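Novice: The structure file my_file13.cif (mmCIF, C-alpha atoms and all ligand atoms) is provided below.
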data_protein
loop_
_atom_site.label_atom_id
_atom_site.label_comp_id
_atom_site.auth_asym_id
_atom_site.auth_seq_id
_atom_site.Cartn_x
_atom_site.Cartn_y
_atom_site.Cartn_z
CA MET A 104 0.00 0.00 0.00
CA TYR A 105 1.25 3.52 -0.88
CA LYS A 106 1.94 5.57 2.23
CA LEU A 107 2.14 9.37 2.34
CA SER A 108 5.01 11.07 4.15
CA ILE A 109 4.21 13.81 6.72
CA ASN A 110 5.41 16.44 4.21
CA GLU A 111 3.14 15.07 1.50
CA ILE A 112 0.15 15.07 3.89
CA GLY A 113 1.01 18.68 4.84
CA ARG A 114 1.17 19.67 1.17
CA LYS A 115 -2.20 18.00 0.45
CA ILE A 116 -3.87 19.76 3.42
CA THR A 117 -2.47 23.13 2.31
CA LYS A 118 -3.61 22.46 -1.26
CA ASN A 119 -7.12 21.51 -0.07
CA LYS A 120 -7.29 24.62 2.13
CA LEU A 121 -6.29 26.80 -0.84
CA ILE A 122 -8.90 25.11 -3.05
CA LEU A 123 -11.60 25.69 -0.40
CA GLN A 124 -10.53 29.32 -0.02
CA TYR A 125 -10.65 29.75 -3.82
CA ILE A 126 -14.19 28.28 -3.94
CA PHE A 127 -15.36 30.60 -1.11
CA ASP A 128 -13.86 33.61 -2.88
CA VAL A 129 -15.35 32.76 -6.27
CA MET A 130 -18.79 32.01 -4.83
CA GLY A 131 -18.75 35.20 -2.76
CA ARG A 132 -18.62 35.14 1.00
CA LYS A 133 -21.74 35.62 3.13
CA LYS A 134 -21.28 38.66 5.36
CA TYR A 135 -21.54 38.20 9.14
CA LEU A 136 -21.42 40.99 11.69
CA ILE A 137 -20.52 40.07 15.26
CA VAL A 138 -21.64 42.97 17.45
CA MET A 139 -19.74 42.97 20.73
CA ALA A 140 -22.14 44.17 23.43
CA ALA A 141 -21.37 41.94 26.40
CA GLY A 142 -19.19 44.41 28.32
CA SER A 143 -20.30 45.76 31.68
CA GLY A 144 -19.30 49.35 30.82
CA THR A 145 -18.09 50.21 34.31
CA ARG A 146 -15.93 53.15 33.14
CA MET A 147 -19.06 55.03 32.04
CA GLY A 148 -20.40 55.14 35.59
CA ALA A 149 -23.98 54.86 34.28
CA GLU A 150 -26.61 52.55 35.72
CA MET A 151 -26.72 50.37 32.61
CA PRO A 152 -23.94 49.27 30.21
CA LYS A 153 -23.19 51.99 27.65
CA GLN A 154 -24.40 49.92 24.65
CA PHE A 155 -27.98 50.19 26.00
CA ILE A 156 -27.88 53.94 26.74
CA GLU A 157 -30.02 55.97 24.33
CA LEU A 158 -28.60 58.65 22.06
CA GLU A 159 -31.19 60.75 20.24
CA GLY A 160 -33.88 58.39 21.55
CA LYS A 161 -32.27 55.18 20.32
CA ALA A 162 -30.08 52.59 22.05
CA VAL A 163 -26.43 52.79 20.99
CA LEU A 164 -26.57 49.08 20.11
CA GLN A 165 -29.54 49.58 17.75
CA MET A 166 -27.82 52.57 16.11
CA THR A 167 -24.72 50.47 15.48
CA ILE A 168 -26.59 47.50 13.98
CA GLU A 169 -28.75 49.77 11.79
CA LYS A 170 -25.66 51.46 10.38
CA PHE A 171 -24.36 48.17 8.94
CA LEU A 172 -27.80 47.05 7.72
CA LYS A 173 -28.15 50.33 5.83
CA VAL A 174 -25.20 49.25 3.67
CA TYR A 175 -25.82 45.47 3.58
CA PRO A 176 -29.50 44.75 4.41
CA ASP A 177 -29.07 40.97 4.05
CA MET A 178 -26.04 40.71 6.32
CA LYS A 179 -26.32 38.20 9.21
CA ILE A 180 -26.13 39.75 12.67
CA VAL A 181 -24.74 37.96 15.74
CA THR A 182 -25.28 40.09 18.85
CA VAL A 183 -23.25 39.19 21.94
CA LEU A 184 -24.93 40.30 25.17
CA PRO A 185 -24.39 40.12 28.92
CA GLU A 186 -26.44 37.20 30.25
CA ASP A 187 -28.44 39.57 32.50
CA TYR A 188 -29.47 41.74 29.53
CA MET A 189 -30.63 39.11 27.02
CA GLU A 190 -34.28 39.37 28.05
CA TYR A 191 -34.00 43.16 28.31
CA TRP A 192 -32.69 43.41 24.73
CA ARG A 193 -35.35 41.04 23.34
CA ASN A 194 -38.07 43.20 24.92
CA TYR A 195 -36.43 46.45 23.79
CA CYS A 196 -36.35 45.25 20.15
CA LEU A 197 -40.01 44.16 20.37
CA GLU A 198 -41.17 47.44 21.93
CA ARG A 199 -39.25 49.52 19.37
CA ASN A 200 -40.31 47.38 16.39
CA PHE A 201 -36.64 46.77 15.72
CA GLY A 202 -37.33 43.58 13.82
CA CYS A 203 -33.98 42.76 12.25
CA PRO A 204 -33.19 39.05 12.72
CA GLN A 205 -30.37 38.66 15.24
CA ILE A 206 -28.65 35.56 16.59
CA LEU A 207 -28.34 36.38 20.30
CA VAL A 208 -25.29 34.95 22.04
CA LYS A 209 -24.29 35.05 25.71
CA GLY A 210 -21.03 36.91 26.40
CA GLY A 211 -17.98 35.49 28.13
CA ILE A 212 -15.74 36.55 30.98
CA THR A 213 -13.48 38.60 28.65
CA ARG A 214 -13.97 40.02 25.15
CA PHE A 215 -11.94 37.04 23.82
CA HIS A 216 -14.41 34.56 25.31
CA SER A 217 -17.35 36.59 23.99
CA VAL A 218 -15.95 36.46 20.44
CA GLN A 219 -15.32 32.72 20.81
CA ASN A 220 -19.00 32.18 21.70
CA ALA A 221 -20.12 34.23 18.69
CA LEU A 222 -17.83 32.46 16.22
CA ALA A 223 -19.60 29.18 16.99
CA LYS A 224 -22.59 30.66 15.09
CA VAL A 225 -20.57 31.66 12.02
CA PRO A 226 -20.26 29.14 9.15
CA GLU A 227 -17.11 28.53 7.10
CA GLY A 228 -16.81 30.48 3.89
CA SER A 229 -18.02 33.76 5.35
CA LEU A 230 -16.61 37.25 5.75
CA VAL A 231 -16.69 38.06 9.47
CA ALA A 232 -16.68 41.61 10.82
CA VAL A 233 -16.22 42.03 14.56
CA HIS A 234 -17.39 45.44 15.74
CA ASP A 235 -17.70 47.07 19.17
CA ALA A 236 -21.36 47.88 19.82
CA VAL A 237 -20.16 51.09 21.46
CA ARG A 238 -18.85 52.52 18.17
CA PRO A 239 -22.14 53.74 16.64
CA LEU A 240 -20.60 56.74 14.83
CA ILE A 241 -18.94 54.77 12.04
CA SER A 242 -19.99 56.12 8.64
CA VAL A 243 -21.82 54.13 5.98
CA ASN A 244 -19.12 55.09 3.45
CA PHE A 245 -16.42 53.59 5.63
CA ILE A 246 -18.43 50.38 6.14
CA ARG A 247 -18.72 50.01 2.35
CA GLU A 248 -15.01 50.76 1.83
CA ILE A 249 -13.71 48.31 4.42
CA PHE A 250 -15.99 45.44 3.35
CA GLU A 251 -15.02 45.87 -0.30
CA LYS A 252 -11.30 45.76 0.58
CA ALA A 253 -11.74 42.85 3.01
CA GLU A 254 -12.94 40.51 0.24
CA SER A 255 -9.38 40.16 -1.08
CA VAL A 256 -7.30 39.97 2.14
CA PRO A 257 -7.63 37.46 5.01
CA ALA A 258 -7.54 40.04 7.82
CA LEU A 259 -8.16 43.80 7.56
CA ILE A 260 -7.72 46.17 10.51
CA PRO A 261 -8.65 49.88 10.65
CA VAL A 262 -6.09 52.05 12.45
CA ILE A 263 -5.66 55.73 13.29
CA PRO A 264 -2.20 57.38 13.46
CA CYS A 265 -1.35 58.59 16.93
CA VAL A 266 -1.36 62.42 17.14
CA ASP A 267 -0.52 62.83 20.82
CA THR A 268 2.93 62.52 22.38
CA MET A 269 2.80 59.24 24.26
CA LYS A 270 4.28 58.60 27.74
CA VAL A 271 4.91 55.27 29.42
CA LEU A 272 4.09 55.82 33.12
CA HIS A 273 3.54 53.70 36.19
CA ASP A 274 0.56 54.30 38.45
CA ARG A 275 1.95 54.14 42.00
CA GLY A 276 -1.10 54.25 44.23
CA GLY A 277 -2.76 57.02 42.21
CA GLN A 278 0.49 58.94 41.57
CA LEU A 279 1.84 58.81 38.04
CA MET A 280 5.61 58.25 37.79
CA THR A 281 8.01 58.20 34.85
CA ALA A 282 8.96 54.69 33.79
CA GLN A 283 12.77 54.60 33.44
CA GLY A 284 14.23 53.93 30.02
CA GLN A 285 10.90 54.04 28.23
CA SER A 286 10.65 56.31 25.24
CA VAL A 287 8.05 55.90 22.56
CA ASP A 288 8.43 56.82 18.92
CA ARG A 289 5.07 58.33 18.04
CA SER A 290 5.58 57.85 14.30
CA VAL A 291 5.14 54.08 14.65
CA LEU A 292 2.10 54.22 16.94
CA TYR A 293 -1.45 53.67 15.69
CA GLY A 294 -4.70 53.10 17.55
CA ALA A 295 -6.68 50.04 16.41
CA GLN A 296 -10.41 50.41 15.75
CA THR A 297 -13.25 48.14 14.73
CA PRO A 298 -14.76 46.68 12.58
CA GLN A 299 -11.89 44.26 12.06
CA ILE A 300 -12.79 41.95 9.18
CA PHE A 301 -11.59 38.39 8.58
CA HIS A 302 -12.12 35.44 6.31
CA SER A 303 -13.83 32.91 8.58
CA GLU A 304 -11.07 30.25 8.20
CA VAL A 305 -8.55 32.72 9.62
CA ILE A 306 -10.48 34.01 12.64
CA LYS A 307 -12.08 30.68 13.60
CA ASP A 308 -8.68 28.99 13.63
CA ALA A 309 -7.10 31.85 15.63
CA TYR A 310 -9.79 31.60 18.30
CA THR A 311 -8.95 27.94 19.01
CA GLN A 312 -5.82 29.26 20.82
CA ALA A 313 -5.69 29.41 24.61
CA TYR A 314 -6.55 32.83 26.10
CA ASP A 315 -3.69 35.26 26.59
CA THR A 316 -3.94 38.57 28.47
CA SER A 317 -2.31 40.34 25.50
CA PHE A 318 -5.45 39.67 23.44
CA THR A 319 -7.10 43.10 23.52
CA ASP A 320 -8.60 42.91 20.02
CA ASP A 321 -9.14 40.32 17.30
CA ALA A 322 -6.07 41.44 15.36
CA SER A 323 -3.83 40.47 18.29
CA VAL A 324 -5.39 36.98 18.38
CA VAL A 325 -4.93 36.42 14.64
CA LEU A 326 -1.36 37.80 14.69
CA LYS A 327 -0.35 35.45 17.53
CA ASN A 328 -1.66 32.60 15.38
CA GLY A 329 0.96 33.50 12.76
CA LYS A 330 -1.24 35.19 10.17
CA ASN A 331 -0.46 38.44 8.34
CA LEU A 332 -2.68 41.45 8.89
CA SER A 333 -3.54 44.18 6.40
CA TYR A 334 -4.38 47.71 7.55
CA LEU A 335 -6.33 50.70 6.36
CA ILE A 336 -6.76 54.14 7.88
CA GLY A 337 -9.93 54.26 9.98
CA GLU A 338 -12.15 57.20 10.93
CA ARG A 339 -11.40 59.75 13.66
CA PHE A 340 -15.08 59.96 14.60
CA ASN A 341 -15.51 56.18 14.94
CA ILE A 342 -14.87 56.59 18.67
CA LYS A 343 -15.45 53.93 21.31
CA LEU A 344 -17.96 55.34 23.79
CA THR A 345 -16.12 54.70 27.03
CA THR A 346 -16.64 57.60 29.45
CA GLN A 347 -19.37 60.21 30.04
CA ASP A 348 -17.27 62.70 28.02
CA ASP A 349 -17.57 60.43 25.00
CA LEU A 350 -21.36 60.73 25.18
CA VAL A 351 -21.09 64.52 25.00
CA LEU A 352 -18.75 64.16 22.01
CA ALA A 353 -21.06 61.64 20.33
CA LYS A 354 -24.05 63.97 20.61
CA ALA A 355 -22.00 66.82 19.13
CA ILE A 356 -20.81 64.63 16.22
CA LEU A 357 -24.34 63.37 15.55
CA SER A 358 -25.63 66.94 15.34
CA LEU A 359 -22.99 67.81 12.72
CA TYR A 360 -23.74 65.09 10.20
CA ASP A 361 -26.79 64.58 8.08
CA ALA A 362 -28.76 61.38 8.57
CA SER A 363 -27.63 59.81 5.30
CA SER A 364 -23.96 59.45 6.18
CA ARG A 365 -23.99 58.79 9.94
O1 LIG B 401 -13.80 46.47 27.33
P1 LIG B 401 -13.65 47.09 25.98
O2 LIG B 401 -13.87 48.56 26.01
O3 LIG B 401 -12.45 46.70 25.21
O4 LIG B 401 -14.91 46.51 25.16
C1 LIG B 401 -15.03 46.63 23.76
C2 LIG B 401 -16.32 45.97 23.32
O5 LIG B 401 -16.31 44.59 23.68
C3 LIG B 401 -17.56 46.59 23.97
O6 LIG B 401 -18.53 46.82 22.95
C4 LIG B 401 -18.00 45.55 24.98
O7 LIG B 401 -19.41 45.50 25.15
C5 LIG B 401 -17.49 44.23 24.37
N1 LIG B 401 -17.18 43.19 25.38
C6 LIG B 401 -17.81 41.95 25.28
N2 LIG B 401 -17.55 40.97 26.22
C7 LIG B 401 -16.72 41.20 27.25
C8 LIG B 401 -16.05 42.45 27.36
C9 LIG B 401 -16.29 43.43 26.40
O8 LIG B 401 -18.61 41.73 24.35
N3 LIG B 401 -16.53 40.24 28.16
#
Mind turning this structure into structure tokens?
Ligand code: C5P
Specialist:
Amino acid sequence: MYKLSINEIGRKITKNKLILQYIFDVMGRKKYLIVMAAGSGTRMGAEMPKQFIELEGKAVLQMTIEKFLKVYPDMKIVTVLPEDYMEYWRNYCLERNFGCPQILVKGGITRFHSVQNALAKVPEGSLVAVHDAVRPLISVNFIREIFEKAESVPALIPVIPCVDTMKVLHDRGGQLMTAQGQSVDRSVLYGAQTPQIFHSEVIKDAYTQAYDTSFTDDASVVLKNGKNLSYLIGERFNIKLTTQDDLVLAKAILSLYDASSR
């Protein structure tokens, strides 16, 4: 009987993976949006997590989902929620006639575990965008641009060049101290945003890794799994609503833009 060497098996697996990837790309990938809304939002200091706070009479989470559906009405939505808010969100959507079909998923202990739970609902051969629910100010033009570019690269990450001078400091019981020997070259620093978009094979495989505290976004998980990332410049106004000040900013930004673009 003819036996395959390990190298030959490896080559066959790689070849099959490439064939599958080619088929997915030719057939067109189904778009999935994973909306990350399972955080507790403690930094906001509000009585409910920030994704459920209303801006202009609408929950931040609804605003975010609607923005994507405006561009791709048939996109599949996976909404990741805190366990305690699943019933609340179901009722909110019913009361507001927000009838878009959503797959509701229970969040995990960290963002990593929340994404892992959501990926279980995403089939192979799809294009997966992971977006923070608390970034409702993304523009429809940017959503279109990033999805179009993401078709042809396995992992696409929006980033914003750092404009501030950065300091590395230690917090010593509330007092900030200079960290010795730490200087930061601002020209190489960028802030990562969402949505980060991946071919499903790439992100599903990356999320089989064990949790690491350095995983603060999906890009860091995929990079640690040995995959290359592509980048594009994001949007300054696609801010992550984190503190009360951000709400003030969000209201100001919303008042500046006409309803068609924001
Ligand atoms: O905590 P951080 O600000 O990085 O959260 C970014 C996004 O991830 C938020 O939209 C938050 O709701 C979500 N998240 C989550 N599950 C967690 C922690 C955060 O879905 N366990």
Novice: Taking only C-alpha atoms into account, which of A:Met130, A:Ile249, A:Ile137, A:Leu222 comes nearest Val305 in chain A?
Specialist: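 Of A:Met130, A:Ile249, A:Ile137, A:Leu222, the one nearest Val305 in chain A, counting only C-alpha atoms, is A:Leu222.
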Novice: Using all atoms listed in the file, which residues of the polymer chains come no farther than 6 Å from ligand LIG 401 (chain B)? I'd like the answer as an MDAnalysis selection string.
Specialist: chainID A and resid 139:142 183 210:214 217 235:237
Novice: I need the residue nearest Glu227 in chain A from this list: A:Gln312, A:Gln124, A:Ser242, A:Thr319. Use only C-alpha atoms for the distance.
Specialist: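 Closest residue, counting only C-alpha atoms: A:Gln124.
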Novice: Between A:Tyr310, A:Phe340, A:Tyr188, A:Phe155, which has the minimum distance to Leu359 in chain A (counting all atoms listed in the file)?
Specialist: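 Smallest separation from Leu359 in chain A among the options: A:Phe340.
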Novice: Measuring between all atoms listed in the file, which one of A:Pro298, A:Pro226, A:Gly131, A:Gly329 shows the shortest distance to Lys343 in chain A?
Specialist: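 Smallest distance to Lys343 in chain A is found for A:Pro298.
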Novice: How many Å lie between CA of Ile356 in chain A and CA of Glu157 in chain A, rounded to one decimal?
Specialist: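 CA of Ile356 in chain A sits 15.0 Å away from CA of Glu157 in chain A.
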Novice: CA of Arg339 in chain A and CA of Leu136 in chain A are how many Å apart?
Specialist: 21.4 Å
Novice: Mind giving me the straight-line distance from CA of Val266 in chain A to CA of Gln154 in chain A in Å, one decimal?
Specialist: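 Atom-to-atom, CA of Val266 in chain A to CA of Gln154 in chain A, that is 27.3 Å.
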Novice: Here is a test: counting all atoms listed in the file, which residue of A:Asp349, A:Glu248, A:Glu304, A:Glu338 is nearest to Pro264 in chain A?
Specialist: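 Of all the options, A:Glu338 lies closest to Pro264 in chain A.
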Novice: Counting only C-alpha atoms, which residues have an atom no more than 6 Å from (-13.2, 40.7, 17.3) in the file's coordinates? Please list them as a list in words.
Specialist: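 Final list of nearby residues, as requested, is Val218, Val233, Asp320 and Asp321 of chain A.
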Novice: Which residue out of A:Ile168, A:Ala313, A:Leu279, A:Val256 has the minimum interatomic distance to Lys330 in chain A when all atoms listed in the file are used?
Specialist: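 For Lys330 in chain A, the nearest of the candidates is A:Val256.
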Novice: List as a list in words the protein and nucleic acid residues near Ser255 in chain A, meaning an atom at most 10 Å away when all atoms listed in the file are counted, but skip any in the same chain fewer than 5 places from it.
Specialist: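 The neighbour list is Asp128, Phe250 and His302 of chain A.
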Novice: Which residues, written as a list of chain:residue names, have at least one atom at most 10 Å from Lys354 in chain A, with all atoms listed in the file counted and residues fewer than 3 positions away on the same chain left out?
Specialist: A:Leu158, A:Glu159, A:Leu240, A:Asp349, A:Leu350, A:Val351, A:Leu357, A:Ser358, A:Leu359
Novice: Need the axis-aligned box for range 196-207 of chain A with 3 Å each side, so what are the centre and edges in Å to one decimal, as AutoDock Vina command-line options?
Specialist:
--center_x -34.8 --center_y 42.5 --center_z 17.1 --size_x 18.8 --size_y 20.0 --size_z 15.7
Novice: Could you give me range 199-219 of chain A completed to N, CA and C atoms, formatted as a PDB file, in the coordinates of the input?
Specialist:
ATOM      1  N   ARG A 199     -39.650  48.489  20.349  1.00  0.00           N
ATOM      2  CA  ARG A 199     -39.250  49.520  19.370  1.00  0.00           C
ATOM      3  C   ARG A 199     -39.490  49.087  17.927  1.00  0.00           C
ATOM      4  N   ASN A 200     -40.108  47.902  17.752  1.00  0.00           N
ATOM      5  CA  ASN A 200     -40.310  47.380  16.390  1.00  0.00           C
ATOM      6  C   ASN A 200     -38.989  47.280  15.639  1.00  0.00           C
ATOM      7  N   PHE A 201     -37.936  46.958  16.354  1.00  0.00           N
ATOM      8  CA  PHE A 201     -36.640  46.770  15.720  1.00  0.00           C
ATOM      9  C   PHE A 201     -36.554  45.285  15.350  1.00  0.00           C
ATOM     10  N   GLY A 202     -37.065  44.977  14.151  1.00  0.00           N
ATOM     11  CA  GLY A 202     -37.330  43.580  13.820  1.00  0.00           C
ATOM     12  C   GLY A 202     -36.223  42.860  13.090  1.00  0.00           C
ATOM     13  N   CYS A 203     -35.014  43.437  13.032  1.00  0.00           N
ATOM     14  CA  CYS A 203     -33.980  42.760  12.250  1.00  0.00           C
ATOM     15  C   CYS A 203     -33.613  41.433  12.914  1.00  0.00           C
ATOM     16  N   PRO A 204     -33.515  40.346  12.109  1.00  0.00           N
ATOM     17  CA  PRO A 204     -33.190  39.050  12.720  1.00  0.00           C
ATOM     18  C   PRO A 204     -31.779  39.085  13.320  1.00  0.00           C
ATOM     19  N   GLN A 205     -31.675  38.705  14.581  1.00  0.00           N
ATOM     20  CA  GLN A 205     -30.370  38.660  15.240  1.00  0.00           C
ATOM     21  C   GLN A 205     -30.189  37.298  15.899  1.00  0.00           C
ATOM     22  N   ILE A 206     -28.978  36.752  15.809  1.00  0.00           N
ATOM     23  CA  ILE A 206     -28.650  35.560  16.590  1.00  0.00           C
ATOM     24  C   ILE A 206     -28.094  36.095  17.904  1.00  0.00           C
ATOM     25  N   LEU A 207     -28.802  35.851  19.007  1.00  0.00           N
ATOM     26  CA  LEU A 207     -28.340  36.380  20.300  1.00  0.00           C
ATOM     27  C   LEU A 207     -27.436  35.355  20.976  1.00  0.00           C
ATOM     28  N   VAL A 208     -26.289  35.840  21.427  1.00  0.00           N
ATOM     29  CA  VAL A 208     -25.290  34.950  22.040  1.00  0.00           C
ATOM     30  C   VAL A 208     -24.899  35.532  23.399  1.00  0.00           C
ATOM     31  N   LYS A 209     -24.703  34.641  24.353  1.00  0.00           N
ATOM     32  CA  LYS A 209     -24.290  35.050  25.710  1.00  0.00           C
ATOM     33  C   LYS A 209     -22.796  35.391  25.708  1.00  0.00           C
ATOM     34  N   GLY A 210     -22.433  36.499  26.333  1.00  0.00           N
ATOM     35  CA  GLY A 210     -21.030  36.910  26.400  1.00  0.00           C
ATOM     36  C   GLY A 210     -20.211  36.045  27.338  1.00  0.00           C
ATOM     37  N   GLY A 211     -18.884  36.245  27.279  1.00  0.00           N
ATOM     38  CA  GLY A 211     -17.980  35.490  28.130  1.00  0.00           C
ATOM     39  C   GLY A 211     -17.318  36.390  29.150  1.00  0.00           C
ATOM     40  N   ILE A 212     -16.384  35.832  29.882  1.00  0.00           N
ATOM     41  CA  ILE A 212     -15.740  36.550  30.980  1.00  0.00           C
ATOM     42  C   ILE A 212     -14.860  37.698  30.457  1.00  0.00           C
ATOM     43  N   THR A 213     -14.237  37.508  29.301  1.00  0.00           N
ATOM     44  CA  THR A 213     -13.480  38.600  28.650  1.00  0.00           C
ATOM     45  C   THR A 213     -14.011  38.740  27.220  1.00  0.00           C
ATOM     46  N   ARG A 214     -13.545  39.802  26.538  1.00  0.00           N
ATOM     47  CA  ARG A 214     -13.970  40.020  25.150  1.00  0.00           C
ATOM     48  C   ARG A 214     -13.595  38.803  24.297  1.00  0.00           C
ATOM     49  N   PHE A 215     -12.399  38.221  24.559  1.00  0.00           N
ATOM     50  CA  PHE A 215     -11.940  37.040  23.820  1.00  0.00           C
ATOM     51  C   PHE A 215     -12.975  35.918  23.903  1.00  0.00           C
ATOM     52  N   HIS A 216     -13.451  35.659  25.128  1.00  0.00           N
ATOM     53  CA  HIS A 216     -14.410  34.560  25.310  1.00  0.00           C
ATOM     54  C   HIS A 216     -15.758  34.892  24.665  1.00  0.00           C
ATOM     55  N   SER A 217     -16.109  36.168  24.654  1.00  0.00           N
ATOM     56  CA  SER A 217     -17.350  36.590  23.990  1.00  0.00           C
ATOM     57  C   SER A 217     -17.267  36.327  22.488  1.00  0.00           C
ATOM     58  N   VAL A 218     -16.112  36.681  21.885  1.00  0.00           N
ATOM     59  CA  VAL A 218     -15.950  36.460  20.440  1.00  0.00           C
ATOM     60  C   VAL A 218     -15.993  34.963  20.136  1.00  0.00           C
ATOM     61  N   GLN A 219     -15.320  34.184  20.983  1.00  0.00           N
ATOM     62  CA  GLN A 219     -15.320  32.720  20.810  1.00  0.00           C
ATOM     63  C   GLN A 219     -16.757  32.179  20.754  1.00  0.00           C
TER      64      GLN A 219
END
